[in-house]
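File shown: my_file_30.cif. Contents: mmCIF, C-alpha atoms.
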```
data_query
loop_
_atom_site.label_atom_id
_atom_site.label_comp_id
_atom_site.auth_asym_id
_atom_site.auth_seq_id
_atom_site.Cartn_x
_atom_site.Cartn_y
_atom_site.Cartn_z
CA MET A 240 10.31 18.74 28.32
CA LEU A 241 8.82 21.81 26.58
CA CYS A 242 5.85 21.73 24.19
CA ASP A 243 8.04 22.77 21.24
CA GLN A 244 10.34 19.83 21.87
CA ILE A 245 7.37 17.48 22.12
CA GLN A 246 5.91 18.78 18.85
CA ASN A 247 9.24 18.20 17.12
CA MET A 248 9.41 14.66 18.43
CA ILE A 249 5.85 13.58 17.76
CA ASN A 250 6.75 12.03 14.38
CA ASP A 251 9.64 10.12 15.91
CA TYR A 252 7.30 9.01 18.66
CA TYR A 253 4.91 7.53 16.09
CA ASP A 254 7.74 6.05 14.06
CA ASP A 255 9.09 4.34 17.18
CA LEU A 256 12.46 6.02 16.79
CA LEU A 257 12.78 7.35 20.34
CA SER A 258 14.62 6.02 23.34
CA GLU A 259 12.56 4.46 26.10
CA ASP A 260 13.30 7.46 28.35
CA ASP A 261 12.05 9.95 25.75
CA ARG A 262 8.90 7.91 25.19
CA ILE A 263 8.14 7.84 28.89
CA GLU A 264 8.70 11.58 29.14
CA ILE A 265 6.40 12.26 26.17
CA ASP A 266 3.72 9.95 27.59
CA ARG A 267 3.90 11.85 30.85
CA HIS A 268 3.70 15.23 29.07
CA LEU A 269 0.74 14.14 26.92
CA GLY A 270 -1.17 13.26 30.06
CA THR A 271 -0.95 16.80 31.35
CA CYS A 272 -0.73 19.11 28.28
CA PHE A 273 -3.94 19.79 26.34
CA HIS A 274 -2.17 21.42 23.37
CA CYS A 275 0.19 18.50 22.80
CA SER A 276 -2.50 15.89 23.42
CA VAL A 277 -4.52 17.51 20.60
CA SER A 278 -1.53 17.10 18.24
CA TYR A 279 -1.23 13.50 19.35
CA GLN A 280 -4.93 12.90 18.69
CA GLU A 281 -4.66 14.46 15.23
CA MET A 282 -1.82 12.12 14.36
CA ASN A 283 -3.81 9.19 15.74
CA ASN A 284 -6.72 10.28 13.59
CA TYR A 285 -4.47 10.38 10.51
CA PHE A 286 -3.39 6.76 10.99
CA GLU A 287 -6.91 5.63 11.74
CA GLN A 288 -8.35 7.39 8.67
CA LEU A 289 -5.63 5.93 6.48
CA LYS A 290 -6.39 2.41 7.67
CA ASN A 291 -10.17 2.89 7.38
CA PHE A 292 -9.81 4.32 3.89
CA SER A 293 -7.74 1.38 2.69
CA MET A 294 -10.35 -1.01 4.06
CA SER A 295 -13.23 0.92 2.47
CA ILE A 296 -12.02 0.46 -1.11
CA GLU A 297 -14.37 -1.95 -2.79
CA LYS A 298 -13.21 -4.94 -4.80
CA PRO A 299 -13.71 -4.33 -8.50
CA THR A 300 -16.31 -6.54 -10.09
CA GLY A 301 -14.98 -8.83 -12.76
CA LEU A 302 -11.38 -9.06 -11.58
CA LEU A 303 -11.71 -12.60 -10.24
CA LYS A 304 -13.49 -13.65 -13.42
CA ASP A 305 -10.70 -12.15 -15.50
CA ILE A 306 -8.05 -13.99 -13.51
CA ASN A 307 -10.04 -17.21 -13.73
CA ALA A 308 -10.50 -16.81 -17.48
CA GLU A 309 -6.82 -16.24 -18.04
CA LEU A 310 -5.72 -19.09 -15.78
CA THR A 311 -8.06 -21.52 -17.46
CA GLY A 312 -7.28 -20.23 -20.94
CA GLU A 313 -10.74 -18.96 -21.70
CA LYS A 314 -9.58 -15.52 -22.66
CA PRO A 315 -6.50 -14.18 -24.51
CA PRO A 316 -4.08 -12.25 -22.28
CA GLU A 317 -4.14 -8.45 -21.88
CA GLN A 318 -7.68 -7.98 -23.16
CA THR A 319 -9.51 -7.39 -19.92
CA LYS A 320 -9.70 -3.60 -19.99
CA SER A 321 -10.36 -1.33 -22.88
CA PRO A 322 -7.50 1.02 -23.80
CA LYS A 323 -9.85 3.94 -23.19
CA SER A 324 -10.17 3.08 -19.51
CA LEU A 325 -6.43 3.48 -19.03
CA PHE A 326 -6.38 6.96 -20.50
CA GLY A 327 -5.57 9.80 -18.17
CA PHE A 328 -3.22 8.34 -15.58
CA PHE A 329 0.18 8.10 -17.16
CA LYS A 330 -0.31 10.87 -19.62
CA LYS A 331 2.73 11.43 -21.80
CA LYS A 332 4.46 14.74 -21.33
CA SER A 333 4.11 16.91 -24.39
CA MET B 7 -11.18 -20.15 14.19
CA HIS B 8 -8.06 -18.22 13.32
CA GLU B 9 -5.98 -21.37 13.52
CA ASN B 10 -8.47 -23.26 11.34
CA ASN B 11 -8.42 -20.40 8.85
CA ASN B 12 -4.61 -20.52 8.74
CA LYS B 13 -4.69 -24.26 8.19
CA TYR B 14 -7.18 -23.77 5.39
CA ILE B 15 -4.94 -21.19 3.70
CA VAL B 16 -1.85 -23.38 4.13
CA SER B 17 -3.74 -26.24 2.48
CA LEU B 18 -4.78 -23.95 -0.40
CA VAL B 19 -1.18 -22.81 -0.88
CA ASP B 20 -0.01 -26.42 -0.77
CA SER B 21 -2.59 -27.46 -3.39
CA SER B 22 -1.70 -24.44 -5.54
CA ARG B 23 1.97 -25.41 -5.41
CA LYS B 24 0.94 -28.81 -6.69
CA GLY B 25 -0.85 -27.20 -9.63
CA SER B 26 -4.45 -26.78 -8.46
CA LYS B 27 -5.89 -23.72 -10.21
CA ASN B 28 -9.08 -23.99 -8.16
CA ALA B 29 -7.12 -23.74 -4.92
CA PHE B 30 -5.22 -20.75 -6.27
CA LEU B 31 -8.44 -19.03 -7.33
CA GLN B 32 -9.72 -19.39 -3.78
CA LEU B 33 -6.54 -17.70 -2.58
CA CYS B 34 -7.14 -14.96 -5.15
CA GLU B 35 -10.66 -14.45 -3.87
CA LEU B 36 -9.47 -14.19 -0.26
CA ASN B 37 -6.81 -11.62 -1.15
CA LEU B 38 -8.43 -9.74 -4.03
CA GLY B 39 -9.68 -6.72 -2.08
CA ASP B 40 -6.43 -6.38 -0.18
CA ILE B 41 -4.18 -6.44 -3.24
CA TYR B 42 -6.45 -4.24 -5.33
CA SER B 43 -6.56 -1.66 -2.50
CA LEU B 44 -2.79 -1.72 -2.23
CA CYS B 45 -2.41 -1.18 -5.99
CA PHE B 46 -4.98 1.63 -5.93
CA LEU B 47 -3.42 3.36 -2.92
CA ILE B 48 0.04 3.33 -4.49
CA THR B 49 -1.01 4.36 -8.00
CA GLY B 50 -4.09 6.46 -7.18
CA ASP B 51 -5.68 5.07 -10.33
CA THR B 52 -8.54 2.61 -10.49
CA SER B 53 -7.79 1.33 -14.00
CA LEU B 54 -4.12 0.78 -13.29
CA ALA B 55 -4.93 -0.81 -9.93
CA TYR B 56 -7.18 -3.30 -11.75
CA GLN B 57 -4.55 -4.02 -14.37
CA PHE B 58 -1.73 -4.32 -11.83
CA ALA B 59 -3.72 -6.47 -9.37
CA ARG B 60 -4.65 -8.84 -12.17
CA ARG B 61 -1.02 -9.10 -13.26
CA VAL B 62 0.15 -9.62 -9.66
CA PHE B 63 -2.15 -12.64 -9.24
CA LEU B 64 -1.19 -14.12 -12.60
CA ASP B 65 2.52 -13.68 -11.87
CA ALA B 66 1.99 -15.07 -8.37
CA TRP B 67 0.51 -18.20 -9.95
CA LYS B 68 3.60 -18.58 -12.12
CA ASN B 69 5.84 -18.19 -9.07
CA ILE B 70 3.77 -20.03 -6.47
CA LYS B 71 6.38 -22.78 -6.14
CA GLN B 72 8.86 -20.20 -4.85
CA ILE B 73 6.85 -19.49 -1.72
CA ARG B 74 8.48 -20.98 1.35
CA VAL B 75 6.43 -23.27 3.54
CA ASP B 76 7.00 -21.07 6.61
CA THR B 77 5.96 -17.82 4.85
CA SER B 78 2.48 -16.33 5.17
CA PHE B 79 0.81 -16.25 1.75
CA ASN B 80 -0.62 -12.79 2.41
CA SER B 81 2.81 -11.35 3.30
CA TRP B 82 4.41 -13.02 0.29
CA LEU B 83 1.71 -11.67 -2.01
CA HIS B 84 1.98 -8.16 -0.55
CA GLY B 85 5.73 -8.16 -1.11
CA PHE B 86 5.21 -9.48 -4.60
CA ALA B 87 2.60 -6.78 -5.36
CA ILE B 88 4.72 -3.95 -3.98
CA PHE B 89 7.74 -5.05 -5.98
CA TYR B 90 5.67 -5.35 -9.15
CA VAL B 91 3.88 -2.00 -8.78
CA LEU B 92 7.07 -0.09 -7.99
CA ASP B 93 8.75 -1.67 -11.00
CA GLU B 94 5.87 -0.58 -13.24
CA ILE B 95 6.00 2.97 -11.87
CA ARG B 96 9.75 3.11 -12.51
CA LYS B 97 9.28 1.87 -16.08
CA ARG B 98 6.72 4.56 -16.74
CA GLU B 99 8.92 7.20 -15.18
CA ALA B 100 11.85 6.07 -17.35
CA ASN B 101 9.58 6.51 -20.38
CA LYS B 102 8.92 10.08 -19.22
CA GLU B 103 5.29 9.34 -18.50
CA SER B 104 3.86 11.52 -15.74
CA LEU B 105 1.73 10.10 -12.94
CA LYS B 106 -1.75 11.50 -12.69
CA PRO B 107 -4.37 9.92 -10.41
CA SER B 108 -7.61 8.80 -11.99
CA THR B 109 -10.44 7.83 -9.69
CA ALA B 110 -13.17 6.92 -12.17
CA GLY B 111 -15.43 4.46 -10.41
CA ILE B 112 -14.35 5.40 -6.91
CA GLY B 113 -16.22 8.63 -6.29
CA LYS B 114 -16.13 8.40 -2.50
CA ALA B 115 -12.35 8.59 -2.56
CA LYS B 116 -12.46 12.16 -3.74
CA GLN B 117 -14.99 13.15 -1.08
CA SER B 118 -13.19 12.03 2.06
CA ARG B 119 -10.43 14.16 3.53
CA ILE B 120 -7.98 11.27 3.62
CA GLY B 121 -8.85 10.20 0.06
CA ASN B 122 -8.40 13.71 -1.20
CA PHE B 123 -5.11 13.97 0.66
CA LEU B 124 -3.75 10.73 -0.82
CA LEU B 125 -4.77 11.53 -4.36
CA ASN B 126 -3.16 14.95 -4.20
CA LEU B 127 0.23 13.71 -3.03
CA THR B 128 3.09 13.48 -5.48
CA PRO B 129 3.49 9.90 -6.78
CA TRP B 130 6.57 9.14 -4.65
CA GLU B 131 5.04 10.75 -1.56
CA ARG B 132 2.04 8.47 -2.02
CA VAL B 133 4.28 5.43 -2.40
CA VAL B 134 6.24 6.12 0.79
CA VAL B 135 3.13 7.02 2.80
CA VAL B 136 1.46 3.75 1.82
CA LEU B 137 4.59 1.70 2.47
CA HIS B 138 5.46 3.34 5.78
CA ASP B 139 2.24 4.51 7.39
CA LEU B 140 -0.02 1.74 6.12
CA GLU B 141 2.11 -1.29 5.27
CA LYS B 142 4.43 -0.52 8.21
CA TYR B 143 7.71 -0.83 6.33
CA SER B 144 10.61 0.89 8.10
CA TYR B 145 12.50 3.74 6.42
CA ILE B 146 15.43 1.37 5.89
CA GLU B 147 13.21 -1.30 4.33
CA ILE B 148 11.69 1.30 1.99
CA ASN B 149 15.19 2.40 1.03
CA ASP B 150 15.88 -1.21 -0.04
CA LEU B 151 12.96 -0.90 -2.46
CA LEU B 152 13.45 2.73 -3.48
CA TRP B 153 17.20 3.00 -3.81
CA GLN B 154 16.91 6.40 -5.50
CA PHE B 155 16.02 7.91 -2.10
CA SER B 156 18.10 7.78 1.07
CA PRO B 157 16.36 6.75 4.32
CA ASP B 158 16.44 10.41 5.42
CA GLU B 159 14.84 11.55 2.17
CA ILE B 160 12.14 8.90 2.61
CA LYS B 161 11.55 10.06 6.18
CA ASN B 162 11.24 13.67 4.97
CA LEU B 163 8.77 12.65 2.26
CA VAL B 164 6.59 10.84 4.81
CA ARG B 165 6.69 13.74 7.22
CA SER B 166 5.97 16.41 4.65
CA ALA B 167 3.01 14.32 3.51
CA ARG B 168 1.72 13.95 7.08
CA LYS B 169 2.07 17.69 7.56
CA LYS B 170 -0.07 18.28 4.47
CA TYR B 171 -2.81 16.15 6.03
CA LEU B 172 -2.56 17.71 9.47
CA ASP B 173 -2.45 21.28 8.10
CA GLY B 174 -5.19 20.63 5.54
#
```
Represent the structure from my file as structure tokens, please.
Amino acid sequence: MLCDQIQNMINDYYDDLLSEDDRIEIDRHLGTCFHCSVSYQEMNNYFEQLKNFSMSIEKPTGLLKDINAELTGEKPPEQTKSPKSLFGFFKKKS
Amino acid sequence: MHENNNKYIVSLVDSSRKGSKNAFLQLCELNLGDIYSLCFLITGDTSLAYQFARRVFLDAWKNIKQIRVDTSFNSWLHGFAIFYVLDEIRKREANKESLKPSTAGIGKAKQSRIGNFLLNLTPWERVVVVLHDLEKYSYIEINDLLWQFSPDEIKNLVRSARKKYLDG
């Protein structure tokens, strides 16, 4: 298999959409081709970074307290965040 | 340890189903970071993630009796959260409200390459990247949730997003 073909199939390889034969051939190619193994490593890095990033997001302080307060009826609903803090995300189109 | 932990969670779910708010709050605490992260990654907005995560837990409490005994609480809650967040995004889109990430309070997100990449994706690109590349939904499963896109369109969105990261 040529490098161009491998590069075109690298997404399918990661998405597990290839036949067993194609996977074996790509595995074999990656073991011998520096250029394609770099592409493979970059894709590996992407998945690893994505997972690490999701795990690095800190829990917001106060959320559990808010849930507790609402469940136990200590606080009226929908008053946990100020309207100002929601400004800027879903900005209405002018 | 893992088995004991599972037993503990099953007992908390069982108590919650019987009406124990304390048991449910323990489940909230165990899953808080996970669900908040999911809401933040999909919306790209800390305030909305807070609001959505809170709502997800409160709605989960109302629906806790629906959870099947053989279902993992974490999987059930994830599915619940994804359904809720996508519904909220659709409602806002129907009201012609544009999606614009806001990362107040999460400064590091803007500094890392992957954080910057995620926050600069279009809203639907971000949704499909999170569902496919992080939550490991298949293209067909995402199509069940996002019926406005075909599986091929979803695949193209994921791949164009990956290309942005790899070329960036």
Selection dump of the PyMOL selection byres ((chain B) within 8 of (chain A)), as an MDAnalysis selection string: chainID B and resid 27 31 34:35 38:40 42:44 47 51 53:54 56:57 60 63:64 98 102:108 112 120:121 139:140 165 168 171:172
Those residues you just picked out, can you put them in a file as a short mmCIF file (atom, residue, chain, number, x, y, z; two decimals), in the frame of the given file with C-alpha atoms?
```cif
data_model
loop_
_atom_site.label_atom_id
_atom_site.label_comp_id
_atom_site.auth_asym_id
_atom_site.auth_seq_id
_atom_site.Cartn_x
_atom_site.Cartn_y
_atom_site.Cartn_z
CA LYS B 27 -5.89 -23.72 -10.21
CA LEU B 31 -8.44 -19.03 -7.33
CA CYS B 34 -7.14 -14.96 -5.15
CA GLU B 35 -10.66 -14.45 -3.87
CA LEU B 38 -8.43 -9.74 -4.03
CA GLY B 39 -9.68 -6.72 -2.08
CA ASP B 40 -6.43 -6.38 -0.18
CA TYR B 42 -6.45 -4.24 -5.33
CA SER B 43 -6.56 -1.66 -2.50
CA LEU B 44 -2.79 -1.72 -2.23
CA LEU B 47 -3.42 3.36 -2.92
CA ASP B 51 -5.68 5.07 -10.33
CA SER B 53 -7.79 1.33 -14.00
CA LEU B 54 -4.12 0.78 -13.29
CA TYR B 56 -7.18 -3.30 -11.75
CA GLN B 57 -4.55 -4.02 -14.37
CA ARG B 60 -4.65 -8.84 -12.17
CA PHE B 63 -2.15 -12.64 -9.24
CA LEU B 64 -1.19 -14.12 -12.60
CA ARG B 98 6.72 4.56 -16.74
CA LYS B 102 8.92 10.08 -19.22
CA GLU B 103 5.29 9.34 -18.50
CA SER B 104 3.86 11.52 -15.74
CA LEU B 105 1.73 10.10 -12.94
CA LYS B 106 -1.75 11.50 -12.69
CA PRO B 107 -4.37 9.92 -10.41
CA SER B 108 -7.61 8.80 -11.99
CA ILE B 112 -14.35 5.40 -6.91
CA ILE B 120 -7.98 11.27 3.62
CA GLY B 121 -8.85 10.20 0.06
CA ASP B 139 2.24 4.51 7.39
CA LEU B 140 -0.02 1.74 6.12
CA ARG B 165 6.69 13.74 7.22
CA ARG B 168 1.72 13.95 7.08
CA TYR B 171 -2.81 16.15 6.03
CA LEU B 172 -2.56 17.71 9.47
#
```
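Minimum distance to Ile15 of chain B across B:Ser78, B:Thr52, B:Gln117, B:Asn162 (counting all atoms listed in the file) occurs at B:Ser78.
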Selection dump of the PyMOL selection byres ((chain B and resi 146-153) around 9), as a list in words: Ile88, Phe89, Leu92, Val134, Leu137, His138, Tyr143, Ser144, Tyr145, Gln154, Phe155, Ser156, Pro157 and Ile160 of chain B
Expected answer as a VMD selection string: all residues with atoms within 12 Å of (0.2, -25.7, 2.8), all atoms listed in the file: chain B and resid 11 to 24 29 to 30 33 70 to 71 73 to 79
Mind dumping the selected residues with C-alpha atoms as a PDB file, in the coordinates of the input?
```pdb
ATOM      1  CA  ASN B  11      -8.420 -20.400   8.850  1.00  0.00           C
ATOM      2  CA  ASN B  12      -4.610 -20.520   8.740  1.00  0.00           C
ATOM      3  CA  LYS B  13      -4.690 -24.260   8.190  1.00  0.00           C
ATOM      4  CA  TYR B  14      -7.180 -23.770   5.390  1.00  0.00           C
ATOM      5  CA  ILE B  15      -4.940 -21.190   3.700  1.00  0.00           C
ATOM      6  CA  VAL B  16      -1.850 -23.380   4.130  1.00  0.00           C
ATOM      7  CA  SER B  17      -3.740 -26.240   2.480  1.00  0.00           C
ATOM      8  CA  LEU B  18      -4.780 -23.950  -0.400  1.00  0.00           C
ATOM      9  CA  VAL B  19      -1.180 -22.810  -0.880  1.00  0.00           C
ATOM     10  CA  ASP B  20      -0.010 -26.420  -0.770  1.00  0.00           C
ATOM     11  CA  SER B  21      -2.590 -27.460  -3.390  1.00  0.00           C
ATOM     12  CA  SER B  22      -1.700 -24.440  -5.540  1.00  0.00           C
ATOM     13  CA  ARG B  23       1.970 -25.410  -5.410  1.00  0.00           C
ATOM     14  CA  LYS B  24       0.940 -28.810  -6.690  1.00  0.00           C
ATOM     15  CA  ALA B  29      -7.120 -23.740  -4.920  1.00  0.00           C
ATOM     16  CA  PHE B  30      -5.220 -20.750  -6.270  1.00  0.00           C
ATOM     17  CA  LEU B  33      -6.540 -17.700  -2.580  1.00  0.00           C
ATOM     18  CA  ILE B  70       3.770 -20.030  -6.470  1.00  0.00           C
ATOM     19  CA  LYS B  71       6.380 -22.780  -6.140  1.00  0.00           C
ATOM     20  CA  ILE B  73       6.850 -19.490  -1.720  1.00  0.00           C
ATOM     21  CA  ARG B  74       8.480 -20.980   1.350  1.00  0.00           C
ATOM     22  CA  VAL B  75       6.430 -23.270   3.540  1.00  0.00           C
ATOM     23  CA  ASP B  76       7.000 -21.070   6.610  1.00  0.00           C
ATOM     24  CA  THR B  77       5.960 -17.820   4.850  1.00  0.00           C
ATOM     25  CA  SER B  78       2.480 -16.330   5.170  1.00  0.00           C
ATOM     26  CA  PHE B  79       0.810 -16.250   1.750  1.00  0.00           C
TER      27      PHE B  79
END
```
List the residues matched by the PyMOL selection byres ((chain A and resi 268) around 12) in the displayed structure as a JSON list (two decimals) with C-alpha atoms, in the frame of the given file, ordered by chain and then by residue number.
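What follows is the written file result-v2.json:
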```
[["chain", "number", "residue", "atom", "x", "y", "z"],
["A", 240, "MET", "CA", 10.31, 18.74, 28.32],
["A", 241, "LEU", "CA", 8.82, 21.81, 26.58],
["A", 242, "CYS", "CA", 5.85, 21.73, 24.19],
["A", 243, "ASP", "CA", 8.04, 22.77, 21.24],
["A", 244, "GLN", "CA", 10.34, 19.83, 21.87],
["A", 245, "ILE", "CA", 7.37, 17.48, 22.12],
["A", 246, "GLN", "CA", 5.91, 18.78, 18.85],
["A", 249, "ILE", "CA", 5.85, 13.58, 17.76],
["A", 261, "ASP", "CA", 12.05, 9.95, 25.75],
["A", 262, "ARG", "CA", 8.90, 7.91, 25.19],
["A", 263, "ILE", "CA", 8.14, 7.84, 28.89],
["A", 264, "GLU", "CA", 8.70, 11.58, 29.14],
["A", 265, "ILE", "CA", 6.40, 12.26, 26.17],
["A", 266, "ASP", "CA", 3.72, 9.95, 27.59],
["A", 267, "ARG", "CA", 3.90, 11.85, 30.85],
["A", 269, "LEU", "CA", 0.74, 14.14, 26.92],
["A", 270, "GLY", "CA", -1.17, 13.26, 30.06],
["A", 271, "THR", "CA", -0.95, 16.80, 31.35],
["A", 272, "CYS", "CA", -0.73, 19.11, 28.28],
["A", 273, "PHE", "CA", -3.94, 19.79, 26.34],
["A", 274, "HIS", "CA", -2.17, 21.42, 23.37],
["A", 275, "CYS", "CA", 0.19, 18.50, 22.80],
["A", 276, "SER", "CA", -2.50, 15.89, 23.42],
["A", 279, "TYR", "CA", -1.23, 13.50, 19.35]]
```
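Atom CA of Val133 of chain B to atom CA of Met248 of chain A spans 23.4 Å [interatomic distance, one decimal].
Interatomic distance, atom CA of Ala308 of chain A against atom CA of Asn37 of chain B: 17.5 Å.
Going from atom CA of Ala59 of chain B over to atom CA of Ala87 of chain B, you cover 7.5 Å.
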